[in-house]
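coords_2.csv follows (CSV, C-alpha atoms and all ligand atoms):
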chain,number,residue,atom,x,y,z
A,1,MET,CA,122.8,110.2,111.5
A,2,ARG,CA,122.7,109.0,115.2
A,3,GLY,CA,122.0,111.8,117.6
A,4,LYS,CA,120.4,114.0,115.0
A,5,PRO,CA,116.7,114.5,115.6
A,6,ASP,CA,114.4,113.0,113.0
A,7,VAL,CA,112.7,116.2,111.9
A,8,PRO,CA,111.8,117.3,108.4
A,9,GLY,CA,114.2,119.9,107.0
A,10,TYR,CA,111.6,122.6,106.4
A,11,LYS,CA,114.0,125.5,107.0
A,12,ALA,CA,116.5,124.3,104.5
A,13,ARG,CA,113.7,123.6,102.0
A,14,LEU,CA,112.2,127.1,102.4
A,15,ASP,CA,115.7,128.6,102.2
A,16,GLY,CA,116.2,126.7,99.0
A,17,VAL,CA,113.0,128.1,97.5
A,18,GLY,CA,114.1,131.6,98.7
A,19,SER,CA,117.4,131.3,96.8
A,20,LYS,CA,115.6,130.2,93.7
A,21,MET,CA,113.2,133.1,94.0
A,22,ASP,CA,116.1,135.5,94.2
A,23,GLU,CA,117.8,133.8,91.3
A,24,LYS,CA,114.7,134.3,89.2
A,25,LYS,CA,114.1,137.8,90.6
A,26,LEU,CA,110.6,136.9,91.9
A,27,GLY,CA,108.9,139.1,94.5
A,28,ALA,CA,106.6,136.3,95.6
A,29,LEU,CA,105.8,132.7,94.8
A,30,LEU,CA,102.4,131.1,94.8
A,31,VAL,CA,102.6,127.3,95.4
A,32,THR,CA,99.6,125.3,94.2
A,33,ASP,CA,100.9,121.8,93.9
A,34,ILE,CA,99.6,119.9,96.9
A,35,LYS,CA,102.8,117.7,97.2
A,36,ASN,CA,104.9,120.7,97.1
A,37,ILE,CA,102.8,122.2,99.8
A,38,ARG,CA,103.4,119.1,101.9
A,39,TYR,CA,107.1,119.3,101.2
A,40,LEU,CA,107.3,122.9,102.4
A,41,SER,CA,104.9,122.8,105.3
A,42,GLY,CA,104.1,119.2,106.4
A,43,PHE,CA,100.4,119.7,105.6
A,44,THR,CA,98.9,116.3,104.7
A,45,GLY,CA,95.4,117.5,103.6
A,46,SER,CA,94.2,117.8,100.0
A,47,SER,CA,93.4,121.5,99.6
A,48,ALA,CA,95.7,124.4,100.3
A,49,TYR,CA,97.9,127.2,98.9
A,50,ILE,CA,101.2,128.6,100.0
A,51,LEU,CA,102.2,132.1,99.3
A,52,LEU,CA,105.8,133.1,99.9
A,53,SER,CA,107.0,136.7,99.6
A,54,LYS,CA,109.9,138.7,101.1
A,55,GLY,CA,110.0,137.5,104.7
A,56,LYS,CA,106.4,136.4,104.7
A,57,ARG,CA,104.9,132.9,104.6
A,58,TRP,CA,101.2,132.4,104.1
A,59,PHE,CA,99.4,129.1,104.3
A,60,LEU,CA,95.9,129.2,103.1
A,61,THR,CA,93.3,126.5,103.4
A,62,ASP,CA,89.5,126.1,103.7
A,63,PRO,CA,87.5,125.7,106.9
A,64,ARG,CA,87.5,121.8,106.6
A,65,TYR,CA,91.2,121.8,107.3
A,66,ALA,CA,91.5,124.6,109.9
A,67,THR,CA,92.2,122.2,112.8
A,68,GLN,CA,94.5,120.0,110.8
A,69,ALA,CA,96.5,123.0,109.5
A,70,GLY,CA,96.8,124.3,113.0
A,71,GLU,CA,98.3,121.0,114.1
A,72,GLU,CA,100.6,120.3,111.1
A,73,VAL,CA,101.7,123.6,109.8
A,74,LYS,CA,104.3,125.6,111.8
A,75,GLY,CA,106.1,128.8,110.9
A,76,PHE,CA,103.4,130.0,108.5
A,77,ASN,CA,100.8,132.6,108.8
A,78,ILE,CA,97.6,130.5,108.5
A,79,LYS,CA,94.7,132.0,106.7
A,80,ILE,CA,91.4,130.2,106.4
A,81,TYR,CA,89.5,131.3,103.3
A,82,LYS,CA,85.7,131.0,103.2
A,83,LYS,CA,84.8,130.8,99.5
A,84,LYS,CA,87.3,132.0,97.0
A,85,ALA,CA,90.9,131.2,97.7
A,86,LEU,CA,92.1,133.3,94.9
A,87,ASP,CA,90.4,136.4,96.3
A,88,THR,CA,92.2,135.9,99.6
A,89,ILE,CA,95.5,135.4,97.8
A,90,ALA,CA,94.9,138.5,95.7
A,91,GLY,CA,94.2,140.5,98.9
A,92,LEU,CA,97.5,139.4,100.4
A,93,MET,CA,99.4,140.3,97.2
A,94,ALA,CA,97.7,143.6,96.7
A,95,ALA,CA,100.6,145.6,97.9
A,96,PRO,CA,102.3,146.8,94.7
A,97,SER,CA,105.7,145.2,94.0
A,98,ALA,CA,108.2,145.9,91.3
A,99,ARG,CA,109.1,142.2,91.2
A,100,PRO,CA,106.9,139.7,89.4
A,101,ILE,CA,104.8,137.1,91.2
A,102,GLY,CA,105.9,133.6,90.3
A,103,PHE,CA,103.3,130.8,90.0
A,104,GLU,CA,103.6,127.1,89.3
A,105,SER,CA,102.7,127.2,85.6
A,106,ASP,CA,103.1,123.4,85.5
A,107,ASN,CA,100.3,123.0,88.0
A,108,ILE,CA,97.7,125.7,87.7
A,109,SER,CA,94.6,125.3,85.6
A,110,PHE,CA,93.9,127.8,82.8
A,111,ASP,CA,90.8,129.0,84.7
A,112,ALA,CA,92.6,129.5,87.9
A,113,TYR,CA,95.3,131.5,86.1
A,114,GLY,CA,92.6,133.7,84.5
A,115,LYS,CA,91.1,134.4,87.9
A,116,LEU,CA,94.5,135.2,89.4
A,117,LYS,CA,95.2,137.6,86.6
A,118,LYS,CA,91.9,139.3,87.0
A,119,GLY,CA,92.2,139.5,90.8
A,120,LEU,CA,95.6,141.1,90.5
A,121,PRO,CA,95.3,143.9,88.0
A,122,GLY,CA,98.7,145.5,87.4
A,123,ALA,CA,100.7,142.7,89.0
A,124,LYS,CA,103.2,140.9,86.9
A,125,LEU,CA,102.6,137.2,86.9
A,126,LYS,CA,105.6,135.1,85.8
A,127,PRO,CA,105.5,131.3,85.1
A,128,ALA,CA,107.9,129.7,87.6
A,129,PRO,CA,107.7,125.9,86.9
A,130,GLY,CA,109.8,123.3,88.6
A,131,ILE,CA,111.3,125.3,91.4
A,132,ILE,CA,110.2,123.0,94.1
A,133,ALA,CA,110.3,119.8,92.0
A,134,ASP,CA,113.9,120.6,91.4
A,135,LEU,CA,114.6,120.8,95.1
A,136,ARG,CA,112.6,117.6,95.8
A,137,LYS,CA,115.0,115.6,93.6
A,138,ARG,CA,117.6,115.6,96.4
A,139,LYS,CA,116.2,114.0,99.6
A,140,ASP,CA,117.2,115.2,103.0
A,141,PRO,CA,117.9,112.6,105.8
A,142,PHE,CA,114.3,112.8,107.1
A,143,GLU,CA,113.0,111.9,103.6
A,144,VAL,CA,115.6,109.1,103.1
A,145,ARG,CA,114.4,107.5,106.4
A,146,ARG,CA,110.7,107.7,105.3
A,147,ILE,CA,111.7,106.1,101.9
A,148,ARG,CA,113.6,103.3,103.7
A,149,ASP,CA,110.5,102.7,105.7
A,150,SER,CA,108.3,102.6,102.6
A,151,VAL,CA,110.8,100.1,101.0
A,152,GLY,CA,110.6,98.0,104.2
A,153,VAL,CA,106.9,97.4,103.4
A,154,LEU,CA,108.0,95.9,100.0
A,155,ASP,CA,110.3,93.3,101.7
A,156,ALA,CA,107.1,91.9,103.3
A,157,GLY,CA,105.1,92.3,100.1
A,158,PHE,CA,107.6,90.2,98.1
A,159,GLU,CA,107.9,87.6,100.8
A,160,LYS,CA,104.2,87.2,100.6
A,161,ALA,CA,104.3,87.2,96.8
A,162,MET,CA,106.7,84.3,96.8
A,163,ARG,CA,104.4,82.3,99.0
A,164,LEU,CA,101.3,83.1,96.9
A,165,LEU,CA,102.5,82.7,93.3
A,166,LYS,CA,102.1,79.1,92.2
A,167,PRO,CA,100.3,77.2,89.5
A,168,GLY,CA,96.6,77.9,89.8
A,169,ALA,CA,96.9,81.2,91.7
A,170,ILE,CA,94.9,84.1,90.3
A,171,GLU,CA,96.8,87.3,89.7
A,172,ARG,CA,94.2,89.6,91.2
A,173,GLU,CA,93.7,87.6,94.3
A,174,ALA,CA,97.5,87.6,94.9
A,175,ALA,CA,97.5,91.4,94.5
A,176,LEU,CA,94.8,91.8,97.0
A,177,GLU,CA,96.7,89.7,99.6
A,178,ILE,CA,99.8,91.7,99.0
A,179,GLU,CA,97.8,94.9,99.6
A,180,PHE,CA,96.6,93.5,102.9
A,181,VAL,CA,100.3,92.9,103.9
A,182,PHE,CA,101.0,96.6,103.0
A,183,LYS,CA,98.3,97.8,105.4
A,184,GLU,CA,99.5,95.4,108.1
A,185,LYS,CA,103.0,96.9,107.8
A,186,GLY,CA,101.6,100.4,108.3
A,187,ALA,CA,101.4,101.7,104.8
A,188,GLU,CA,98.5,104.0,104.0
A,189,GLY,CA,98.1,102.4,100.7
A,190,LEU,CA,99.5,101.4,97.3
A,191,ALA,CA,101.8,103.7,95.4
A,192,PHE,CA,100.1,102.3,92.3
A,193,ASP,CA,97.9,99.3,91.3
A,194,THR,CA,100.0,96.3,91.8
A,195,ILE,CA,101.3,94.7,88.6
A,196,ILE,CA,101.2,90.9,88.5
A,197,ALA,CA,101.6,89.9,84.9
A,198,SER,CA,102.1,86.2,84.2
A,199,GLY,CA,103.0,84.5,80.9
A,200,PRO,CA,102.3,86.5,77.8
A,201,ARG,CA,100.8,89.3,80.0
A,202,GLY,CA,104.3,89.9,81.3
A,203,ALA,CA,105.1,91.4,77.9
A,204,LEU,CA,102.8,94.3,78.8
A,205,PRO,CA,105.1,96.7,80.8
A,206,HIS,CA,102.0,97.8,82.8
A,207,GLY,CA,100.0,94.7,83.1
A,208,LYS,CA,97.8,95.3,86.2
A,209,ALA,CA,96.8,92.1,88.0
A,210,SER,CA,94.0,90.4,86.2
A,211,SER,CA,91.7,87.4,86.6
A,212,LYS,CA,94.2,85.3,84.8
A,213,LYS,CA,95.3,82.0,86.4
A,214,ILE,CA,99.1,81.5,86.8
A,215,LYS,CA,100.5,78.4,85.0
A,216,LYS,CA,103.5,76.3,85.4
A,217,GLY,CA,106.3,77.3,83.0
A,218,GLU,CA,105.4,80.9,83.1
A,219,LEU,CA,107.4,83.9,84.2
A,220,VAL,CA,105.5,86.4,86.4
A,221,VAL,CA,106.4,90.1,86.5
A,222,VAL,CA,105.5,91.6,89.9
A,223,ASP,CA,105.8,95.3,90.3
A,224,MET,CA,104.7,96.8,93.6
A,225,GLY,CA,104.9,100.1,95.4
A,226,ALA,CA,103.9,101.3,98.9
A,227,LEU,CA,102.9,104.7,100.2
A,228,LYS,CA,103.9,105.2,103.8
A,229,ASP,CA,104.0,108.4,105.7
A,230,GLY,CA,103.6,110.2,102.4
A,231,TYR,CA,106.6,108.6,100.7
A,232,ASN,CA,106.5,106.1,97.9
A,233,SER,CA,108.5,103.0,97.1
A,234,ASP,CA,108.8,100.9,93.9
A,235,GLU,CA,110.3,97.5,93.2
A,236,THR,CA,109.9,94.8,90.5
A,237,ARG,CA,110.9,91.2,90.5
A,238,THR,CA,110.2,88.5,87.9
A,239,PHE,CA,109.6,85.0,89.2
A,240,SER,CA,109.6,81.6,87.4
A,241,ILE,CA,106.7,79.2,88.1
A,242,GLY,CA,108.5,75.9,88.0
A,243,ARG,CA,111.8,75.5,86.1
A,244,PRO,CA,112.5,78.3,83.6
A,245,SER,CA,113.2,77.4,80.0
A,246,THR,CA,116.6,78.1,78.4
A,247,GLU,CA,115.2,81.2,76.7
A,248,GLN,CA,113.6,82.5,79.9
A,249,ARG,CA,116.8,82.1,81.7
A,250,LYS,CA,118.8,83.8,79.0
A,251,VAL,CA,116.5,86.9,78.8
A,252,TYR,CA,116.5,87.1,82.6
A,253,GLY,CA,120.3,87.1,82.7
A,254,VAL,CA,120.4,89.9,80.1
A,255,VAL,CA,118.1,92.1,82.1
A,256,LYS,CA,119.9,91.3,85.4
A,257,ASP,CA,123.3,92.2,83.9
A,258,ALA,CA,121.9,95.3,82.2
A,259,GLN,CA,120.5,96.4,85.6
A,260,ALA,CA,123.8,95.7,87.4
A,261,LYS,CA,125.7,97.8,84.7
A,262,ALA,CA,123.3,100.8,85.3
A,263,ILE,CA,123.6,100.5,89.1
A,264,ASP,CA,127.4,100.4,88.7
A,265,ALA,CA,127.2,103.6,86.7
A,266,ILE,CA,125.4,105.6,89.4
A,267,ARG,CA,127.4,108.3,91.1
A,268,PRO,CA,127.2,112.1,91.6
A,269,GLY,CA,128.2,114.0,88.4
A,270,VAL,CA,127.1,111.3,86.0
A,271,LYS,CA,124.5,112.1,83.4
A,272,ALA,CA,121.2,110.2,83.9
A,273,SER,CA,121.3,109.5,80.2
A,274,ALA,CA,124.6,107.7,80.7
A,275,VAL,CA,123.0,105.4,83.4
A,276,ASP,CA,120.2,104.7,80.9
A,277,ALA,CA,122.8,103.9,78.2
A,278,ALA,CA,124.6,101.5,80.5
A,279,ALA,CA,121.5,99.3,80.7
A,280,ARG,CA,120.2,99.9,77.2
A,281,GLY,CA,123.6,99.3,75.6
A,282,HIS,CA,123.8,95.9,77.2
A,283,ILE,CA,120.3,94.9,76.1
A,284,LYS,CA,121.1,96.1,72.6
A,285,LYS,CA,124.3,94.1,72.4
A,286,ALA,CA,122.4,91.0,73.4
A,287,GLY,CA,120.0,91.5,70.5
A,288,TYR,CA,116.9,92.6,72.5
A,289,GLY,CA,117.2,96.4,71.9
A,290,LYS,CA,113.8,96.8,70.3
A,291,PHE,CA,112.1,94.9,73.2
A,292,PHE,CA,113.1,97.5,75.8
A,293,GLY,CA,110.8,100.5,75.0
A,294,HIS,CA,110.7,102.5,78.2
A,295,GLY,CA,113.2,104.6,80.2
A,296,THR,CA,115.5,102.9,82.7
A,297,GLY,CA,114.2,104.7,85.7
A,298,HIS,CA,112.8,107.6,87.6
A,299,GLY,CA,113.0,109.5,90.8
A,300,VAL,CA,110.8,108.5,93.7
A,301,GLY,CA,109.6,110.5,96.7
A,302,LEU,CA,106.4,112.2,97.6
A,303,GLU,CA,105.4,111.2,94.1
A,304,ILE,CA,105.9,107.7,92.7
A,305,HIS,CA,107.3,109.3,89.5
A,306,GLU,CA,109.3,112.4,90.0
A,307,GLY,CA,112.6,113.8,88.8
A,308,PRO,CA,115.2,112.9,87.8
A,309,ALA,CA,114.1,110.9,84.7
A,310,ILE,CA,116.7,108.2,83.8
A,311,SER,CA,116.2,108.0,80.1
A,312,PRO,CA,118.0,108.5,76.8
A,313,LEU,CA,116.6,112.1,76.5
A,314,SER,CA,117.1,113.1,80.1
A,315,ARG,CA,119.3,116.1,80.7
A,316,GLU,CA,119.7,115.5,84.4
A,317,VAL,CA,123.0,115.0,86.2
A,318,LEU,CA,122.9,112.8,89.2
A,319,GLU,CA,123.5,114.4,92.6
A,320,GLU,CA,124.1,113.0,96.1
A,321,GLY,CA,120.7,112.5,97.9
A,322,MET,CA,118.7,111.6,94.8
A,323,VAL,CA,116.6,108.4,95.0
A,324,ILE,CA,116.0,106.7,91.7
A,325,THR,CA,114.8,103.4,90.3
A,326,ILE,CA,116.7,101.3,87.9
A,327,GLU,CA,114.2,99.1,86.0
A,328,PRO,CA,115.3,97.8,82.6
A,329,GLY,CA,113.1,95.1,81.0
A,330,ILE,CA,112.7,93.0,77.9
A,331,TYR,CA,109.2,92.3,76.7
A,332,LEU,CA,108.6,89.6,74.0
A,333,PRO,CA,105.1,90.1,72.7
A,334,GLY,CA,102.9,87.1,72.9
A,335,SER,CA,105.6,85.2,74.9
A,336,PHE,CA,106.8,86.7,78.2
A,337,GLY,CA,108.5,89.7,79.8
A,338,VAL,CA,111.2,90.2,82.4
A,339,ARG,CA,111.8,93.4,84.4
A,340,ILE,CA,113.9,93.9,87.5
A,341,GLU,CA,113.6,97.1,89.4
A,342,ASP,CA,115.4,98.4,92.4
A,343,MET,CA,115.6,101.8,94.2
A,344,ALA,CA,119.0,103.4,94.8
A,345,LEU,CA,120.1,106.3,96.8
A,346,VAL,CA,122.9,108.3,95.2
A,347,THR,CA,125.7,108.6,97.8
A,348,ARG,CA,128.9,110.6,97.8
A,349,ASP,CA,130.9,108.1,95.8
A,350,GLY,CA,128.3,105.8,94.2
A,351,CYS,CA,124.9,104.5,95.4
A,352,GLU,CA,123.2,102.4,98.0
A,353,VAL,CA,120.6,100.0,96.7
A,354,LEU,CA,117.7,100.3,99.1
A,355,THR,CA,115.5,97.4,98.0
A,356,ARG,CA,116.6,94.1,99.4
A,357,THR,CA,114.7,91.2,97.7
A,358,SER,CA,117.1,88.8,95.9
A,359,ARG,CA,117.8,89.6,92.2
A,360,GLU,CA,118.5,85.9,91.3
A,361,LEU,CA,115.8,84.2,89.2
A,362,VAL,CA,113.7,82.5,91.9
A,363,SER,CA,111.6,79.4,90.9
A,364,LEU,CA,108.4,79.1,92.7
B,1,ZN,ZN,107.7,99.8,89.5
B,2,ZN,ZN,109.3,102.4,88.7

Reformat the file's structure so that it appears as structure tokens.
Amino acid sequence: MRGKPDVPGYKARLDGVGSKMDEKKLGALLVTDIKNIRYLSGFTGSSAYILLSKGKRWFLTDPRYATQAGEEVKGFNIKIYKKKALDTIAGLMAAPSARPIGFESDNISFDAYGKLKKGLPGAKLKPAPGIIADLRKRKDPFEVRRIRDSVGVLDAGFEKAMRLLKPGAIEREAALEIEFVFKEKGAEGLAFDTIIASGPRGALPHGKASSKKIKKGELVVVDMGALKDGYNSDETRTFSIGRPSTEQRKVYGVVKDAQAKAIDAIRPGVKASAVDAAARGHIKKAGYGKFFGHGTGHGVGLEIHEGPAISPLSREVLEEGMVITIEPGIYLPGSFGVRIEDMALVTRDGCEVLTRTSRELVSL
């Protein structure tokens, strides 16, 4: 990558949308998902629309964001709407076109759809879900760099966690200190509420940090994610407080090997369901199949959870440039839980694991 400027690939992204529009025979596309709008334009505000039609790119926002849009958004015709965005959009699309206007049917409210339909009498509106979500699955070099940066925050977060977690520590207080480290490292915030789940709470796959005191002999599941420059990261480690029991060590080993098998299975052309099966099969064989109730992983990018899903029902096929998590777990109700989660970038012939904290069972 050396020598290449670190700039977002907006042109390639917009070209990609253009090809999809041609494929689906759309005359225009109305983009309403704010993350998709950031992806196409670089706009980091919270309220905007993008309208793409043959050779024209409109960016619409309200007066609060006029200055910001002027600074962030290049290559678009910027329109500031006063009251009703949909009236402005309807005005821009008023020219009759034989081709239908696509809209993000997976992201528009029923009410907004009704207004759009009313504002555009005679126009053919066509649901066009997932066009940009699909492009977003493959990260360009600019995005991979942002994701690496976001993962870098977690290195510091886990170092801190390993110093904080000891008998007597309170889950929530530890989570707060980790959040402070995130901010120190330049993150704008958390990708999600930090999970610190000790002892029996570890059997809750989403056990947010509570007021529970951590005790000797417990395992602690720590799942944290940072949001930095708009990009998310996601990593889980399970620590032992004091010496782990034979059963804790055994379960940890099963999860660790299951995860390694899934990571080994990652390469372009492989079905996401096959990567899931690699982890799930190992856990089943060890006799813990019914204690692993969630998918093996998910894509990460502008959203903490995005495509492709790595699960038994996923119909996705891995492609170079995808960034996914691999996070099998075993949850024994009332007893303890173990999850190990890493992020991997799909490369030409396999994958690169981006997260760096040791995967060995660390006793604190
Ligand atoms: Zn996670
Ligand atoms: Zn995750």

### Message
Please determine, counting only C-alpha atoms, which residue among A:Ser150, A:Gln259, A:Thr347, A:Asn232 has the shortest atom-to-atom distance to Arg359 of chain A.
### Response
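Of all the options, A:Gln259 lies closest to Arg359 of chain A.
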
### Task
Report as a ChimeraX atom specification which protein, DNA and RNA residues come within 6 Å of ligand ZN 1 (chain B), using all atoms listed in the file.
/A:223-224,234-236

### Message
Using all atoms listed in the file - which residues lie no farther than 12 Å from the point (101.5, 96.9, 106.2) in the file's frame? Write them as a list in words.
### Response
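Those residues lying close to the given coordinates are Asp149, Ser150, Val151, Gly152, Val153, Leu154, Asp155, Ala156, Gly157, Lys160, Glu177, Ile178, Glu179, Phe180, Val181, Phe182, Lys183, Glu184, Lys185, Gly186, Ala187, Glu188, Gly189, Leu190, Gly225, Ala226, Leu227, Lys228 and Asp229 of chain A.
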
### Message
Which residues are close to segment 79-87 of chain A, i.e. within 10 Å by all atoms listed in the file, leaving aside same-chain residues fewer than 6 positions away? Reply as a list in words.
### Response
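So, after excluding close chain neighbours, the residues are Ala48, Tyr49, Ile50, Trp58, Phe59, Leu60, Thr61, Asp62, Pro63, Arg64, Tyr65, Ala66, Ala69, Met93, Ala112, Tyr113, Lys115, Leu116, Lys117, Lys118, Gly119 and Leu120 of chain A.
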
Keeping C-alpha atoms, export the residues of the selection given above as an mmCIF file, in the frame of the given file.
data_model
loop_
_atom_site.group_PDB
_atom_site.id
_atom_site.type_symbol
_atom_site.label_atom_id
_atom_site.label_comp_id
_atom_site.auth_asym_id
_atom_site.auth_seq_id
_atom_site.Cartn_x
_atom_site.Cartn_y
_atom_site.Cartn_z
ATOM 1 C CA ALA A 48 95.700 124.400 100.300
ATOM 2 C CA TYR A 49 97.900 127.200 98.900
ATOM 3 C CA ILE A 50 101.200 128.600 100.000
ATOM 4 C CA TRP A 58 101.200 132.400 104.100
ATOM 5 C CA PHE A 59 99.400 129.100 104.300
ATOM 6 C CA LEU A 60 95.900 129.200 103.100
ATOM 7 C CA THR A 61 93.300 126.500 103.400
ATOM 8 C CA ASP A 62 89.500 126.100 103.700
ATOM 9 C CA PRO A 63 87.500 125.700 106.900
ATOM 10 C CA ARG A 64 87.500 121.800 106.600
ATOM 11 C CA TYR A 65 91.200 121.800 107.300
ATOM 12 C CA ALA A 66 91.500 124.600 109.900
ATOM 13 C CA ALA A 69 96.500 123.000 109.500
ATOM 14 C CA MET A 93 99.400 140.300 97.200
ATOM 15 C CA ALA A 112 92.600 129.500 87.900
ATOM 16 C CA TYR A 113 95.300 131.500 86.100
ATOM 17 C CA LYS A 115 91.100 134.400 87.900
ATOM 18 C CA LEU A 116 94.500 135.200 89.400
ATOM 19 C CA LYS A 117 95.200 137.600 86.600
ATOM 20 C CA LYS A 118 91.900 139.300 87.000
ATOM 21 C CA GLY A 119 92.200 139.500 90.800
ATOM 22 C CA LEU A 120 95.600 141.100 90.500
#

### Query
Residues at most 9 Å from ligand ZN 2 (chain B), using only C-alpha atoms and all ligand atoms? Could they come as a VMD selection string?
chain A and resid 223 to 225 233 to 236 296 to 300 304 to 305 324 to 327 341 to 343

### Message
For a quick check of understanding, using all atoms listed in the file, which of A:Leu318, A:Thr357, A:Ala90, A:Val275 has the smallest distance to Ala161 of chain A?
### Response
A:Thr357

#### Entry: Exercise: Gly307 of chain A partners within 12 Å, only C-alpha atoms, chain neighbours under 2 positions left out, as a PyMOL selection string
chain A and resi 130-139+272+297-305+309-311+314-319+322-325

### Task
Compare A:Pro127, A:Pro244, A:Gly287, A:Gly230 by their minimum atom-to-atom distance to Ile147 of chain A, counting all atoms listed in the file, and give me the closest one.
A:Gly230

### Task
Please provide the set of residues having any atom within 8 Å of Gly102 of chain A, restricted to all atoms listed in the file, with same-chain residues fewer than 5 positions apart removed, written as a list in words.
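The neighbour list is Leu26, Gly27, Ala28, Leu29, Leu30, Leu125, Lys126, Pro127 and Ala128 of chain A.
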
### Query
atom CA of Lys166 of chain A to atom CA of Lys212 of chain A: how many Å, to one decimal?
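Those two atoms sit 12.5 Å apart.
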
### For atom CA of Arg13 of chain A and atom CA of Pro100 of chain A, the interatomic separation in Å (one decimal)
21.5 Å

### Task
Quick one: everything within 7 Å of Pro268 of chain A, counting only C-alpha atoms, minus sequence neighbours fewer than 2 positions away in the same chain. Send it as a count of residues only.
8

### Task
Compare A:Asp6, A:Glu360, A:Glu72, A:Asp264 by their minimum atom-to-atom distance to Phe239 of chain A, counting only C-alpha atoms, and give me the closest one.
A:Glu360

### Given all atoms listed in the file as the counted atoms, nearest of A:Gly70, A:Pro328, A:Met162, A:Gly289 to Ser358 of chain A
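Counting all atoms listed in the file, the residue closest to Ser358 of chain A is A:Met162.
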
Any chance you could build segment 82-96 of chain A out to N, CA and C atoms and write it as an mmCIF file, in the frame of the given file?
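Just written: result_25.cif:
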data_model
loop_
_atom_site.group_PDB
_atom_site.id
_atom_site.type_symbol
_atom_site.label_atom_id
_atom_site.label_comp_id
_atom_site.auth_asym_id
_atom_site.auth_seq_id
_atom_site.Cartn_x
_atom_site.Cartn_y
_atom_site.Cartn_z
ATOM 1 N N LYS A 82 87.092 131.525 103.113
ATOM 2 C CA LYS A 82 85.700 131.000 103.200
ATOM 3 C C LYS A 82 85.258 130.467 101.855
ATOM 4 N N LYS A 83 85.331 131.303 100.818
ATOM 5 C CA LYS A 83 84.800 130.800 99.500
ATOM 6 C C LYS A 83 85.857 130.766 98.468
ATOM 7 N N LYS A 84 86.398 131.915 98.141
ATOM 8 C CA LYS A 84 87.300 132.000 97.000
ATOM 9 C C LYS A 84 88.740 132.178 97.427
ATOM 10 N N ALA A 85 89.515 131.115 97.306
ATOM 11 C CA ALA A 85 90.900 131.200 97.700
ATOM 12 C C ALA A 85 91.646 132.290 96.978
ATOM 13 N N LEU A 86 91.356 132.391 95.689
ATOM 14 C CA LEU A 86 92.100 133.300 94.900
ATOM 15 C C LEU A 86 91.866 134.782 95.273
ATOM 16 N N ASP A 87 90.646 135.059 95.788
ATOM 17 C CA ASP A 87 90.400 136.400 96.300
ATOM 18 C C ASP A 87 91.245 136.729 97.481
ATOM 19 N N THR A 88 91.347 135.749 98.396
ATOM 20 C CA THR A 88 92.200 135.900 99.600
ATOM 21 C C THR A 88 93.640 136.140 99.181
ATOM 22 N N ILE A 89 94.083 135.325 98.237
ATOM 23 C CA ILE A 89 95.500 135.400 97.800
ATOM 24 C C ILE A 89 95.690 136.808 97.130
ATOM 25 N N ALA A 90 94.759 137.199 96.317
ATOM 26 C CA ALA A 90 94.900 138.500 95.700
ATOM 27 C C ALA A 90 94.957 139.617 96.711
ATOM 28 N N GLY A 91 94.156 139.483 97.776
ATOM 29 C CA GLY A 91 94.200 140.500 98.900
ATOM 30 C C GLY A 91 95.549 140.559 99.508
ATOM 31 N N LEU A 92 96.163 139.398 99.705
ATOM 32 C CA LEU A 92 97.500 139.400 100.400
ATOM 33 C C LEU A 92 98.564 139.950 99.469
ATOM 34 N N MET A 93 98.353 139.825 98.166
ATOM 35 C CA MET A 93 99.400 140.300 97.200
ATOM 36 C C MET A 93 99.095 141.669 96.694
ATOM 37 N N ALA A 94 98.105 142.319 97.276
ATOM 38 C CA ALA A 94 97.700 143.600 96.700
ATOM 39 C C ALA A 94 98.719 144.686 96.754
ATOM 40 N N ALA A 95 99.608 144.593 97.771
ATOM 41 C CA ALA A 95 100.600 145.600 97.900
ATOM 42 C C ALA A 95 101.464 145.629 96.582
ATOM 43 N N PRO A 96 101.592 146.777 95.944
ATOM 44 C CA PRO A 96 102.300 146.800 94.700
ATOM 45 C C PRO A 96 103.780 146.439 94.853
#
